[in-house]
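J.: The structure file start36.csv (CSV, N, CA and C atoms) is provided below.
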```
chain,number,residue,atom,x,y,z
A,1,MET,N,-41.1,25.8,75.0
A,1,MET,CA,-40.0,26.3,75.7
A,1,MET,C,-38.7,26.2,74.8
A,2,ILE,N,-37.7,26.8,75.2
A,2,ILE,CA,-36.5,26.8,74.4
A,2,ILE,C,-35.6,25.6,74.8
A,3,ASN,N,-35.0,25.0,73.8
A,3,ASN,CA,-34.1,23.9,73.9
A,3,ASN,C,-32.7,24.5,74.1
A,4,PHE,N,-32.3,24.8,75.3
A,4,PHE,CA,-31.0,25.5,75.5
A,4,PHE,C,-29.8,24.7,75.1
A,5,LYS,N,-29.9,23.4,75.3
A,5,LYS,CA,-28.8,22.5,74.9
A,5,LYS,C,-28.5,22.7,73.4
A,6,LYS,N,-29.6,22.6,72.6
A,6,LYS,CA,-29.5,22.8,71.2
A,6,LYS,C,-29.0,24.2,70.8
A,7,SER,N,-29.5,25.2,71.5
A,7,SER,CA,-29.1,26.6,71.2
A,7,SER,C,-27.7,26.8,71.5
A,8,MET,N,-27.1,26.1,72.4
A,8,MET,CA,-25.7,26.4,72.9
A,8,MET,C,-24.7,25.4,72.2
A,9,LYS,N,-25.2,24.6,71.3
A,9,LYS,CA,-24.3,23.6,70.6
A,9,LYS,C,-23.1,24.2,69.9
A,10,LYS,N,-23.3,25.3,69.2
A,10,LYS,CA,-22.2,25.9,68.5
A,10,LYS,C,-21.1,26.4,69.5
A,11,LEU,N,-21.6,26.9,70.5
A,11,LEU,CA,-20.6,27.5,71.5
A,11,LEU,C,-19.8,26.3,72.1
A,12,ARG,N,-20.4,25.2,72.4
A,12,ARG,CA,-19.7,24.1,73.0
A,12,ARG,C,-18.6,23.5,72.1
A,13,SER,N,-18.8,23.8,70.8
A,13,SER,CA,-17.8,23.2,69.8
A,13,SER,C,-16.6,24.1,69.6
A,14,VAL,N,-16.6,25.3,70.2
A,14,VAL,CA,-15.5,26.3,70.0
A,14,VAL,C,-14.2,25.8,70.7
A,15,ASP,N,-13.1,25.9,70.1
A,15,ASP,CA,-11.8,25.5,70.8
A,15,ASP,C,-11.6,26.2,72.1
A,16,GLY,N,-11.3,25.5,73.1
A,16,GLY,CA,-11.0,26.1,74.4
A,16,GLY,C,-12.2,26.2,75.4
A,17,TYR,N,-13.4,25.7,74.9
A,17,TYR,CA,-14.6,25.8,75.7
A,17,TYR,C,-14.5,25.0,77.0
A,18,LEU,N,-14.8,25.6,78.1
A,18,LEU,CA,-14.8,24.8,79.4
A,18,LEU,C,-16.2,24.7,80.0
A,19,GLY,N,-17.1,25.7,79.8
A,19,GLY,CA,-18.4,25.6,80.3
A,19,GLY,C,-19.2,26.8,80.1
A,20,SER,N,-20.5,26.7,80.3
A,20,SER,CA,-21.4,27.9,80.0
A,20,SER,C,-22.7,27.7,80.8
A,21,ALA,N,-23.4,28.8,80.9
A,21,ALA,CA,-24.7,28.9,81.6
A,21,ALA,C,-25.6,29.9,80.9
A,22,VAL,N,-26.9,29.7,81.0
A,22,VAL,CA,-27.9,30.7,80.5
A,22,VAL,C,-28.7,31.0,81.7
A,23,MET,N,-28.8,32.3,82.0
A,23,MET,CA,-29.6,32.8,83.2
A,23,MET,C,-30.7,33.7,82.7
A,24,ASN,N,-31.8,33.8,83.5
A,24,ASN,CA,-32.8,34.8,83.2
A,24,ASN,C,-32.4,36.1,83.9
A,25,PHE,N,-33.3,37.1,83.8
A,25,PHE,CA,-33.0,38.4,84.3
A,25,PHE,C,-32.7,38.5,85.8
A,26,THR,N,-33.3,37.6,86.5
A,26,THR,CA,-33.0,37.6,88.0
A,26,THR,C,-31.8,36.7,88.4
A,27,GLY,N,-31.2,36.1,87.4
A,27,GLY,CA,-30.0,35.3,87.7
A,27,GLY,C,-30.2,33.8,87.9
A,28,GLU,N,-31.5,33.4,87.7
A,28,GLU,CA,-31.8,32.0,87.9
A,28,GLU,C,-31.2,31.2,86.7
A,29,ILE,N,-30.5,30.1,87.0
A,29,ILE,CA,-29.9,29.3,85.9
A,29,ILE,C,-31.0,28.5,85.2
A,30,LEU,N,-31.0,28.7,83.9
A,30,LEU,CA,-32.0,28.0,83.0
A,30,LEU,C,-31.3,26.8,82.3
A,31,TYR,N,-30.0,27.0,82.2
A,31,TYR,CA,-29.2,25.9,81.5
A,31,TYR,C,-27.7,26.0,82.0
A,32,ARG,N,-27.1,24.9,82.2
A,32,ARG,CA,-25.8,24.8,82.7
A,32,ARG,C,-25.0,23.7,82.0
A,33,ASP,N,-23.8,23.9,81.5
A,33,ASP,CA,-23.0,22.9,80.9
A,33,ASP,C,-21.6,23.1,81.4
A,34,GLN,N,-20.9,22.0,81.9
A,34,GLN,CA,-19.5,22.2,82.3
A,34,GLN,C,-18.8,20.8,82.0
A,35,LYS,N,-17.6,21.0,81.5
A,35,LYS,CA,-16.8,19.8,81.3
A,35,LYS,C,-16.2,19.4,82.7
A,36,LYS,N,-15.5,18.3,82.7
A,36,LYS,CA,-15.0,17.9,84.0
A,36,LYS,C,-13.7,18.7,84.3
A,37,THR,N,-13.9,19.9,84.7
A,37,THR,CA,-12.8,20.9,84.9
A,37,THR,C,-12.6,21.2,86.4
A,38,GLY,N,-13.6,20.9,87.2
A,38,GLY,CA,-13.6,21.3,88.6
A,38,GLY,C,-14.1,22.7,88.8
A,39,ILE,N,-14.6,23.4,87.7
A,39,ILE,CA,-15.1,24.7,87.8
A,39,ILE,C,-16.6,24.6,88.1
A,40,ASP,N,-17.1,25.3,89.1
A,40,ASP,CA,-18.5,25.3,89.4
A,40,ASP,C,-19.1,26.4,88.6
A,41,VAL,N,-19.6,26.1,87.4
A,41,VAL,CA,-20.2,27.0,86.5
A,41,VAL,C,-21.4,27.7,87.0
A,42,GLU,N,-22.2,27.1,87.7
A,42,GLU,CA,-23.4,27.7,88.2
A,42,GLU,C,-23.1,28.8,89.2
A,43,TYR,N,-22.2,28.5,90.1
A,43,TYR,CA,-21.8,29.5,91.1
A,43,TYR,C,-21.0,30.7,90.5
A,44,SER,N,-20.1,30.3,89.5
A,44,SER,CA,-19.3,31.3,88.8
A,44,SER,C,-20.3,32.3,88.0
A,45,ALA,N,-21.3,31.7,87.4
A,45,ALA,CA,-22.2,32.5,86.6
A,45,ALA,C,-23.0,33.4,87.5
A,46,GLY,N,-23.4,33.0,88.7
A,46,GLY,CA,-24.1,33.8,89.6
A,46,GLY,C,-23.2,35.0,90.1
A,47,LEU,N,-21.9,34.7,90.4
A,47,LEU,CA,-21.0,35.8,90.8
A,47,LEU,C,-20.9,36.9,89.7
A,48,PHE,N,-20.7,36.4,88.4
A,48,PHE,CA,-20.5,37.4,87.3
A,48,PHE,C,-21.8,38.1,87.0
A,49,ASN,N,-23.0,37.4,87.2
A,49,ASN,CA,-24.2,38.1,87.0
A,49,ASN,C,-24.4,39.2,88.1
A,50,ASN,N,-24.0,39.0,89.3
A,50,ASN,CA,-24.0,40.0,90.3
A,50,ASN,C,-23.1,41.2,90.0
A,51,ALA,N,-21.9,40.9,89.4
A,51,ALA,CA,-20.9,41.9,89.0
A,51,ALA,C,-21.5,42.7,87.9
A,52,LEU,N,-22.2,42.1,86.9
A,52,LEU,CA,-22.8,42.8,85.8
A,52,LEU,C,-23.8,43.8,86.3
A,53,ARG,N,-24.6,43.4,87.3
A,53,ARG,CA,-25.7,44.3,87.8
A,53,ARG,C,-25.0,45.5,88.5
A,54,LYS,N,-23.9,45.3,89.2
A,54,LYS,CA,-23.2,46.4,89.9
A,54,LYS,C,-22.6,47.3,88.8
A,55,ILE,N,-22.0,46.8,87.8
A,55,ILE,CA,-21.4,47.6,86.7
A,55,ILE,C,-22.5,48.3,86.0
A,56,SER,N,-23.7,47.7,85.8
A,56,SER,CA,-24.8,48.4,85.1
A,56,SER,C,-25.2,49.6,85.9
A,57,LYS,N,-25.3,49.4,87.2
A,57,LYS,CA,-25.7,50.5,88.1
A,57,LYS,C,-24.7,51.7,88.0
A,58,LEU,N,-23.4,51.4,88.0
A,58,LEU,CA,-22.4,52.4,87.8
A,58,LEU,C,-22.5,53.1,86.4
A,59,SER,N,-22.8,52.3,85.4
A,59,SER,CA,-22.9,52.9,84.1
A,59,SER,C,-24.1,53.9,84.0
A,60,LEU,N,-25.2,53.5,84.7
A,60,LEU,CA,-26.3,54.4,84.8
A,60,LEU,C,-26.0,55.6,85.6
A,61,ASP,N,-25.2,55.5,86.6
A,61,ASP,CA,-24.8,56.6,87.5
A,61,ASP,C,-24.0,57.7,86.7
A,62,VAL,N,-23.3,57.2,85.7
A,62,VAL,CA,-22.5,58.2,85.0
A,62,VAL,C,-23.2,58.7,83.7
A,63,GLY,N,-24.5,58.3,83.5
A,63,GLY,CA,-25.3,58.8,82.5
A,63,GLY,C,-25.3,57.9,81.2
A,64,LEU,N,-24.8,56.7,81.3
A,64,LEU,CA,-24.8,55.8,80.2
A,64,LEU,C,-25.9,54.7,80.4
A,65,SER,N,-26.1,53.8,79.4
A,65,SER,CA,-27.1,52.8,79.6
A,65,SER,C,-26.6,51.6,80.3
A,66,ASP,N,-27.4,50.6,80.5
A,66,ASP,CA,-27.0,49.4,81.2
A,66,ASP,C,-25.8,48.7,80.5
A,67,ALA,N,-25.0,48.1,81.3
A,67,ALA,CA,-23.9,47.3,80.7
A,67,ALA,C,-24.4,46.1,80.1
A,68,SER,N,-23.8,45.6,79.0
A,68,SER,CA,-24.3,44.5,78.3
A,68,SER,C,-23.2,43.4,78.2
A,69,LEU,N,-22.0,43.6,78.7
A,69,LEU,CA,-20.9,42.6,78.6
A,69,LEU,C,-20.0,42.8,79.7
A,70,VAL,N,-19.6,41.7,80.3
A,70,VAL,CA,-18.5,41.6,81.2
A,70,VAL,C,-17.5,40.6,80.7
A,71,GLU,N,-16.3,41.1,80.5
A,71,GLU,CA,-15.2,40.2,80.0
A,71,GLU,C,-14.0,40.2,80.9
A,72,THR,N,-13.6,39.0,81.4
A,72,THR,CA,-12.4,39.0,82.2
A,72,THR,C,-11.4,38.1,81.5
A,73,ARG,N,-10.2,38.6,81.5
A,73,ARG,CA,-9.0,37.9,80.9
A,73,ARG,C,-8.1,37.6,82.0
A,74,THR,N,-7.7,36.3,82.1
A,74,THR,CA,-6.7,36.0,83.1
A,74,THR,C,-5.5,35.3,82.3
A,75,PHE,N,-4.5,34.9,83.0
A,75,PHE,CA,-3.3,34.2,82.4
A,75,PHE,C,-3.7,32.9,81.8
A,76,ASP,N,-4.8,32.3,82.4
A,76,ASP,CA,-5.1,30.9,82.0
A,76,ASP,C,-6.6,30.8,81.4
A,77,GLY,N,-7.2,31.9,81.2
A,77,GLY,CA,-8.6,31.8,80.7
A,77,GLY,C,-9.3,33.1,80.4
A,78,HIS,N,-10.5,33.0,79.8
A,78,HIS,CA,-11.4,34.1,79.5
A,78,HIS,C,-12.7,33.8,80.0
A,79,ILE,N,-13.4,34.8,80.6
A,79,ILE,CA,-14.8,34.6,81.1
A,79,ILE,C,-15.6,35.7,80.5
A,80,PHE,N,-16.8,35.3,80.0
A,80,PHE,CA,-17.7,36.3,79.4
A,80,PHE,C,-19.1,36.2,80.0
A,81,LEU,N,-19.7,37.3,80.1
A,81,LEU,CA,-21.2,37.3,80.5
A,81,LEU,C,-21.8,38.4,79.6
A,82,ILE,N,-22.6,37.9,78.7
A,82,ILE,CA,-23.2,38.8,77.7
A,82,ILE,C,-24.7,38.8,77.9
A,83,THR,N,-25.3,40.0,77.9
A,83,THR,CA,-26.8,40.2,78.1
A,83,THR,C,-27.4,40.4,76.8
A,84,SER,N,-28.5,39.7,76.6
A,84,SER,CA,-29.3,39.9,75.3
A,84,SER,C,-30.0,41.2,75.5
A,85,THR,N,-30.6,41.7,74.5
A,85,THR,CA,-31.4,43.0,74.5
A,85,THR,C,-32.8,42.7,74.7
A,86,GLY,N,-33.2,42.0,75.8
A,86,GLY,CA,-34.5,41.7,76.0
A,86,GLY,C,-35.4,42.9,76.2
A,87,ASP,N,-34.8,44.0,76.7
A,87,ASP,CA,-35.5,45.3,76.9
A,87,ASP,C,-36.2,45.8,75.7
A,88,GLN,N,-35.7,45.4,74.5
A,88,GLN,CA,-36.3,45.9,73.3
A,88,GLN,C,-37.8,45.4,73.1
A,89,TYR,N,-38.1,44.4,73.9
A,89,TYR,CA,-39.4,43.8,73.8
A,89,TYR,C,-40.3,44.4,74.9
A,90,GLY,N,-39.7,45.3,75.8
A,90,GLY,CA,-40.5,45.9,76.8
A,90,GLY,C,-40.7,45.1,78.0
A,91,ASP,N,-39.9,44.1,78.2
A,91,ASP,CA,-40.1,43.2,79.4
A,91,ASP,C,-38.7,42.7,79.8
A,92,ASN,N,-38.7,42.2,81.1
A,92,ASN,CA,-37.4,41.5,81.5
A,92,ASN,C,-37.5,40.0,81.3
A,93,PHE,N,-38.6,39.5,81.0
A,93,PHE,CA,-38.8,38.0,80.8
A,93,PHE,C,-37.9,37.5,79.6
A,94,SER,N,-37.8,38.3,78.6
A,94,SER,CA,-37.0,37.9,77.4
A,94,SER,C,-35.5,38.2,77.6
A,95,THR,N,-35.1,38.9,78.6
A,95,THR,CA,-33.7,39.2,78.8
A,95,THR,C,-33.0,38.0,79.3
A,96,LEU,N,-31.9,37.6,78.6
A,96,LEU,CA,-31.1,36.4,79.0
A,96,LEU,C,-29.7,36.8,79.1
A,97,ASN,N,-29.0,36.2,80.1
A,97,ASN,CA,-27.5,36.4,80.2
A,97,ASN,C,-26.9,35.1,79.9
A,98,VAL,N,-25.9,35.2,79.0
A,98,VAL,CA,-25.1,34.0,78.6
A,98,VAL,C,-23.7,34.1,79.2
A,99,PHE,N,-23.3,33.1,80.0
A,99,PHE,CA,-22.0,33.1,80.7
A,99,PHE,C,-21.2,32.0,80.1
A,100,ALA,N,-19.9,32.2,79.8
A,100,ALA,CA,-19.0,31.2,79.3
A,100,ALA,C,-17.6,31.3,79.8
A,101,ILE,N,-16.9,30.2,79.9
A,101,ILE,CA,-15.5,30.1,80.3
A,101,ILE,C,-14.7,29.4,79.2
A,102,PHE,N,-13.6,30.0,78.9
A,102,PHE,CA,-12.7,29.4,77.9
A,102,PHE,C,-11.3,29.4,78.4
A,103,ARG,N,-10.5,28.4,77.9
A,103,ARG,CA,-9.1,28.4,78.2
A,103,ARG,C,-8.4,29.6,77.5
A,104,ASP,N,-7.2,29.9,78.0
A,104,ASP,CA,-6.5,31.1,77.4
A,104,ASP,C,-6.2,30.9,75.9
A,105,ASP,N,-6.0,29.7,75.5
A,105,ASP,CA,-5.7,29.4,74.1
A,105,ASP,C,-6.9,29.2,73.2
A,106,GLY,N,-8.1,29.4,73.8
A,106,GLY,CA,-9.4,29.2,73.0
A,106,GLY,C,-9.6,30.3,72.0
A,107,ASN,N,-10.6,30.0,71.1
A,107,ASN,CA,-10.9,30.9,70.0
A,107,ASN,C,-11.9,31.9,70.6
A,108,VAL,N,-11.4,32.9,71.3
A,108,VAL,CA,-12.2,33.9,72.0
A,108,VAL,C,-13.0,34.8,71.1
A,109,GLY,N,-12.5,35.2,70.0
A,109,GLY,CA,-13.3,36.0,69.0
A,109,GLY,C,-14.5,35.3,68.5
A,110,LEU,N,-14.3,34.1,68.1
A,110,LEU,CA,-15.5,33.3,67.6
A,110,LEU,C,-16.5,33.1,68.8
A,111,ALA,N,-16.0,32.8,69.9
A,111,ALA,CA,-16.9,32.5,71.1
A,111,ALA,C,-17.7,33.7,71.4
A,112,LYS,N,-17.2,34.9,71.4
A,112,LYS,CA,-18.0,36.1,71.6
A,112,LYS,C,-19.0,36.4,70.6
A,113,MET,N,-18.7,36.1,69.3
A,113,MET,CA,-19.7,36.3,68.2
A,113,MET,C,-20.8,35.3,68.4
A,114,ILE,N,-20.5,34.0,68.7
A,114,ILE,CA,-21.5,33.0,68.9
A,114,ILE,C,-22.4,33.3,70.1
A,115,ILE,N,-21.8,33.8,71.2
A,115,ILE,CA,-22.5,34.1,72.4
A,115,ILE,C,-23.5,35.2,72.1
A,116,ASP,N,-23.1,36.2,71.4
A,116,ASP,CA,-23.9,37.4,71.1
A,116,ASP,C,-25.1,37.0,70.3
A,117,LYS,N,-24.8,36.3,69.2
A,117,LYS,CA,-25.9,35.8,68.3
A,117,LYS,C,-26.8,34.9,69.0
A,118,THR,N,-26.3,33.9,69.7
A,118,THR,CA,-27.1,32.9,70.4
A,118,THR,C,-28.0,33.6,71.4
A,119,SER,N,-27.5,34.5,72.2
A,119,SER,CA,-28.3,35.2,73.2
A,119,SER,C,-29.4,36.0,72.6
A,120,GLN,N,-29.2,36.6,71.5
A,120,GLN,CA,-30.2,37.4,70.8
A,120,GLN,C,-31.3,36.5,70.2
A,121,ARG,N,-30.9,35.3,69.7
A,121,ARG,CA,-31.9,34.4,69.1
A,121,ARG,C,-32.7,33.8,70.2
A,122,MET,N,-32.1,33.4,71.4
A,122,MET,CA,-32.9,32.9,72.5
A,122,MET,C,-33.8,33.9,73.1
A,123,SER,N,-33.3,35.1,73.2
A,123,SER,CA,-34.2,36.2,73.7
A,123,SER,C,-35.4,36.5,72.9
A,124,LYS,N,-35.2,36.4,71.6
A,124,LYS,CA,-36.4,36.6,70.7
A,124,LYS,C,-37.4,35.4,70.9
A,125,LYS,N,-36.9,34.2,71.1
A,125,LYS,CA,-37.8,33.1,71.3
A,125,LYS,C,-38.5,33.3,72.7
A,126,MET,N,-37.8,33.8,73.7
A,126,MET,CA,-38.4,34.0,75.0
A,126,MET,C,-39.5,35.0,74.9
A,127,ALA,N,-39.3,36.1,74.1
A,127,ALA,CA,-40.3,37.1,73.9
A,127,ALA,C,-41.6,36.6,73.3
A,128,LYS,N,-41.5,35.5,72.5
A,128,LYS,CA,-42.7,34.9,71.9
A,128,LYS,C,-43.5,34.0,72.8
A,129,LEU,N,-42.9,33.6,73.9
A,129,LEU,CA,-43.6,32.6,74.8
A,129,LEU,C,-44.7,33.3,75.6
```
Have the structure of the file written as structure tokens, please.
T.:
Amino acid sequence: MINFKKSMKKLRSVDGYLGSAVMNFTGEILYRDQKKTGIDVEYSAGLFNNALRKISKLSLDVGLSDASLVETRTFDGHIFLITSTGDQYGDNFSTLNVFAIFRDDGNVGLAKMIIDKTSQRMSKKMAKL
């Protein structure tokens, strides 16, 4: 199995990090990490996963492919949900969604790069299971 805590270590070290979660294709939480912020990461990740599914449906309705990223910017933070490309392996088992919350002064660019690379790496490992 995948050691999600180890896989997400780089993300946790980015300035402004508040919490993260890794979900499978169906939205089940496989990993959750939150600092003592009062944010319910598991619930928040579920809400954003639902939003990503709705946005994907809309993308398909206009003739594009599934959405792979939801990004929300607020006055006091950033929220990301990035989907790995599990479909390249011909299954949904290897598709993972990585959710993360950062303060508004966090290193957002670095966080997005790490999330994207980390989700791809974990997805490849899932495909081999």
J.: Mind giving me the straight-line distance from atom N of A:Lys54 to atom C of A:Leu69 in Å, one decimal?
T.: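 Computing the Euclidean distance for atom N of A:Lys54 and atom C of A:Leu69 yields 10.6 Å.
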J.: In stretch 7-60 of chain A, what's strand (DSSP E or B) per DSSP? Answer as a PyMOL selection string?
T.: chain A and resi 17-24+29-34
J.: I'd like the contact shell of A:Phe48 - 9 Å cut-off, only C-alpha atoms, skipping same-chain residues fewer than 6 positions apart - returned as an mmCIF file with N, CA and C atoms, keeping the file's coordinate frame.
T.:
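Saved file selection14.cif follows:
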```cif
data_model
loop_
_atom_site.group_PDB
_atom_site.id
_atom_site.type_symbol
_atom_site.label_atom_id
_atom_site.label_comp_id
_atom_site.auth_asym_id
_atom_site.auth_seq_id
_atom_site.Cartn_x
_atom_site.Cartn_y
_atom_site.Cartn_z
ATOM 1 N N VAL A 70 -19.600 41.700 80.300
ATOM 2 C CA VAL A 70 -18.500 41.600 81.200
ATOM 3 C C VAL A 70 -17.500 40.600 80.700
ATOM 4 N N ILE A 79 -13.400 34.800 80.600
ATOM 5 C CA ILE A 79 -14.800 34.600 81.100
ATOM 6 C C ILE A 79 -15.600 35.700 80.500
ATOM 7 N N PHE A 80 -16.800 35.300 80.000
ATOM 8 C CA PHE A 80 -17.700 36.300 79.400
ATOM 9 C C PHE A 80 -19.100 36.200 80.000
ATOM 10 N N LEU A 81 -19.700 37.300 80.100
ATOM 11 C CA LEU A 81 -21.200 37.300 80.500
ATOM 12 C C LEU A 81 -21.800 38.400 79.600
ATOM 13 N N PHE A 99 -23.300 33.100 80.000
ATOM 14 C CA PHE A 99 -22.000 33.100 80.700
ATOM 15 C C PHE A 99 -21.200 32.000 80.100
#
```
J.: Hey, what's within 6 Å of stretch 94-98 of chain A if we count only C-alpha atoms and toss same-chain stuff fewer than 4 positions away? As a JSON list (two decimals) with N, CA and C atoms, in the frame of the given file, please?
T.:
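Dumped everything to selection.json:
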```json
[["chain", "number", "residue", "atom", "x", "y", "z"],
["A", 21, "ALA", "N", -23.40, 28.80, 80.90],
["A", 21, "ALA", "CA", -24.70, 28.90, 81.60],
["A", 21, "ALA", "C", -25.60, 29.90, 80.90],
["A", 22, "VAL", "N", -26.90, 29.70, 81.00],
["A", 22, "VAL", "CA", -27.90, 30.70, 80.50],
["A", 22, "VAL", "C", -28.70, 31.00, 81.70],
["A", 23, "MET", "N", -28.80, 32.30, 82.00],
["A", 23, "MET", "CA", -29.60, 32.80, 83.20],
["A", 23, "MET", "C", -30.70, 33.70, 82.70],
["A", 24, "ASN", "N", -31.80, 33.80, 83.50],
["A", 24, "ASN", "CA", -32.80, 34.80, 83.20],
["A", 24, "ASN", "C", -32.40, 36.10, 83.90],
["A", 25, "PHE", "N", -33.30, 37.10, 83.80],
["A", 25, "PHE", "CA", -33.00, 38.40, 84.30],
["A", 25, "PHE", "C", -32.70, 38.50, 85.80],
["A", 81, "LEU", "N", -19.70, 37.30, 80.10],
["A", 81, "LEU", "CA", -21.20, 37.30, 80.50],
["A", 81, "LEU", "C", -21.80, 38.40, 79.60],
["A", 82, "ILE", "N", -22.60, 37.90, 78.70],
["A", 82, "ILE", "CA", -23.20, 38.80, 77.70],
["A", 82, "ILE", "C", -24.70, 38.80, 77.90],
["A", 83, "THR", "N", -25.30, 40.00, 77.90],
["A", 83, "THR", "CA", -26.80, 40.20, 78.10],
["A", 83, "THR", "C", -27.40, 40.40, 76.80],
["A", 84, "SER", "N", -28.50, 39.70, 76.60],
["A", 84, "SER", "CA", -29.30, 39.90, 75.30],
["A", 84, "SER", "C", -30.00, 41.20, 75.50],
["A", 86, "GLY", "N", -33.20, 42.00, 75.80],
["A", 86, "GLY", "CA", -34.50, 41.70, 76.00],
["A", 86, "GLY", "C", -35.40, 42.90, 76.20],
["A", 123, "SER", "N", -33.30, 35.10, 73.20],
["A", 123, "SER", "CA", -34.20, 36.20, 73.70],
["A", 123, "SER", "C", -35.40, 36.50, 72.90],
["A", 126, "MET", "N", -37.80, 33.80, 73.70],
["A", 126, "MET", "CA", -38.40, 34.00, 75.00],
["A", 126, "MET", "C", -39.50, 35.00, 74.90],
["A", 127, "ALA", "N", -39.30, 36.10, 74.10],
["A", 127, "ALA", "CA", -40.30, 37.10, 73.90],
["A", 127, "ALA", "C", -41.60, 36.60, 73.30]]
```
J.: Which of these residues is nearest to A:Met1, using all atoms listed in the file: A:Lys117, A:Lys125, A:Arg53, A:Lys35?
T.: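 The closest residue to A:Met1 is A:Lys125.
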J.: Kindly give the distance, in Å, that separates atom N of A:Ile39 and atom CA of A:Leu18, rounded to a single decimal.
T.: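 That distance, rounded to one decimal, is 8.4 Å.
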J.: How many Å lie between atom C of A:Gln34 and atom CA of A:Gly19, rounded to one decimal?
T.: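 Pair atom C of A:Gln34 / atom CA of A:Gly19 returns 5.1 Å.
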J.: So, counting all atoms listed in the file, which residue among A:Asp116, A:Asp105, A:Glu71, A:Glu42 is closest to A:Ile29?
T.: A:Glu42
J.: With a distance cut-off of 6.5 Å and only N, CA and C atoms, select the neighbouring residues of stretch 74-77 of chain A, excluding the residue or stretch itself and same-chain residues fewer than 4 positions from it, and output the selection as a PDB file with N, CA and C atoms, in the frame of the given file.
T.:
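Saved the output as around.pdb:
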```
ATOM      1  N   PHE A 102     -13.600  30.000  78.900  1.00  0.00           N
ATOM      2  CA  PHE A 102     -12.700  29.400  77.900  1.00  0.00           C
ATOM      3  C   PHE A 102     -11.300  29.400  78.400  1.00  0.00           C
ATOM      4  N   ARG A 103     -10.500  28.400  77.900  1.00  0.00           N
ATOM      5  CA  ARG A 103      -9.100  28.400  78.200  1.00  0.00           C
ATOM      6  C   ARG A 103      -8.400  29.600  77.500  1.00  0.00           C
ATOM      7  N   ASP A 104      -7.200  29.900  78.000  1.00  0.00           N
ATOM      8  CA  ASP A 104      -6.500  31.100  77.400  1.00  0.00           C
ATOM      9  C   ASP A 104      -6.200  30.900  75.900  1.00  0.00           C
ATOM     10  N   ASP A 105      -6.000  29.700  75.500  1.00  0.00           N
ATOM     11  CA  ASP A 105      -5.700  29.400  74.100  1.00  0.00           C
ATOM     12  C   ASP A 105      -6.900  29.200  73.200  1.00  0.00           C
TER      13      ASP A 105
END
```
J.: Under the rule that all atoms listed in the file are counted, which of A:Leu129, A:Ile101, A:Met8, A:Ala67 is the nearest residue to A:Ser20?
T.: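 With all atoms listed in the file as the atom set, the closest residue is A:Ile101.
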J.: Compare A:Gln120, A:Ser68, A:Val108, A:Tyr31 by their minimum atom-to-atom distance to A:Leu52, counting all atoms listed in the file, and give me the closest one.
T.: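 The answer is A:Ser68, which sits nearest to A:Leu52.
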J.: I need the residues of stretch 6-121 of chain A that end up classed as helix (DSSP H, G or I) by DSSP on the backbone, written out as number ranges by chain.
T.: A: 6-7, 9-12, 41-61, 86-89, 108-121
J.: Measuring between only C-alpha atoms, which one of A:Val62, A:Ala100, A:Ile2, A:Val14 shows the shortest distance to A:Ser44?
T.: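 Going through A:Val62, A:Ala100, A:Ile2, A:Val14 one by one, the smallest distance to A:Ser44 is for A:Ala100.
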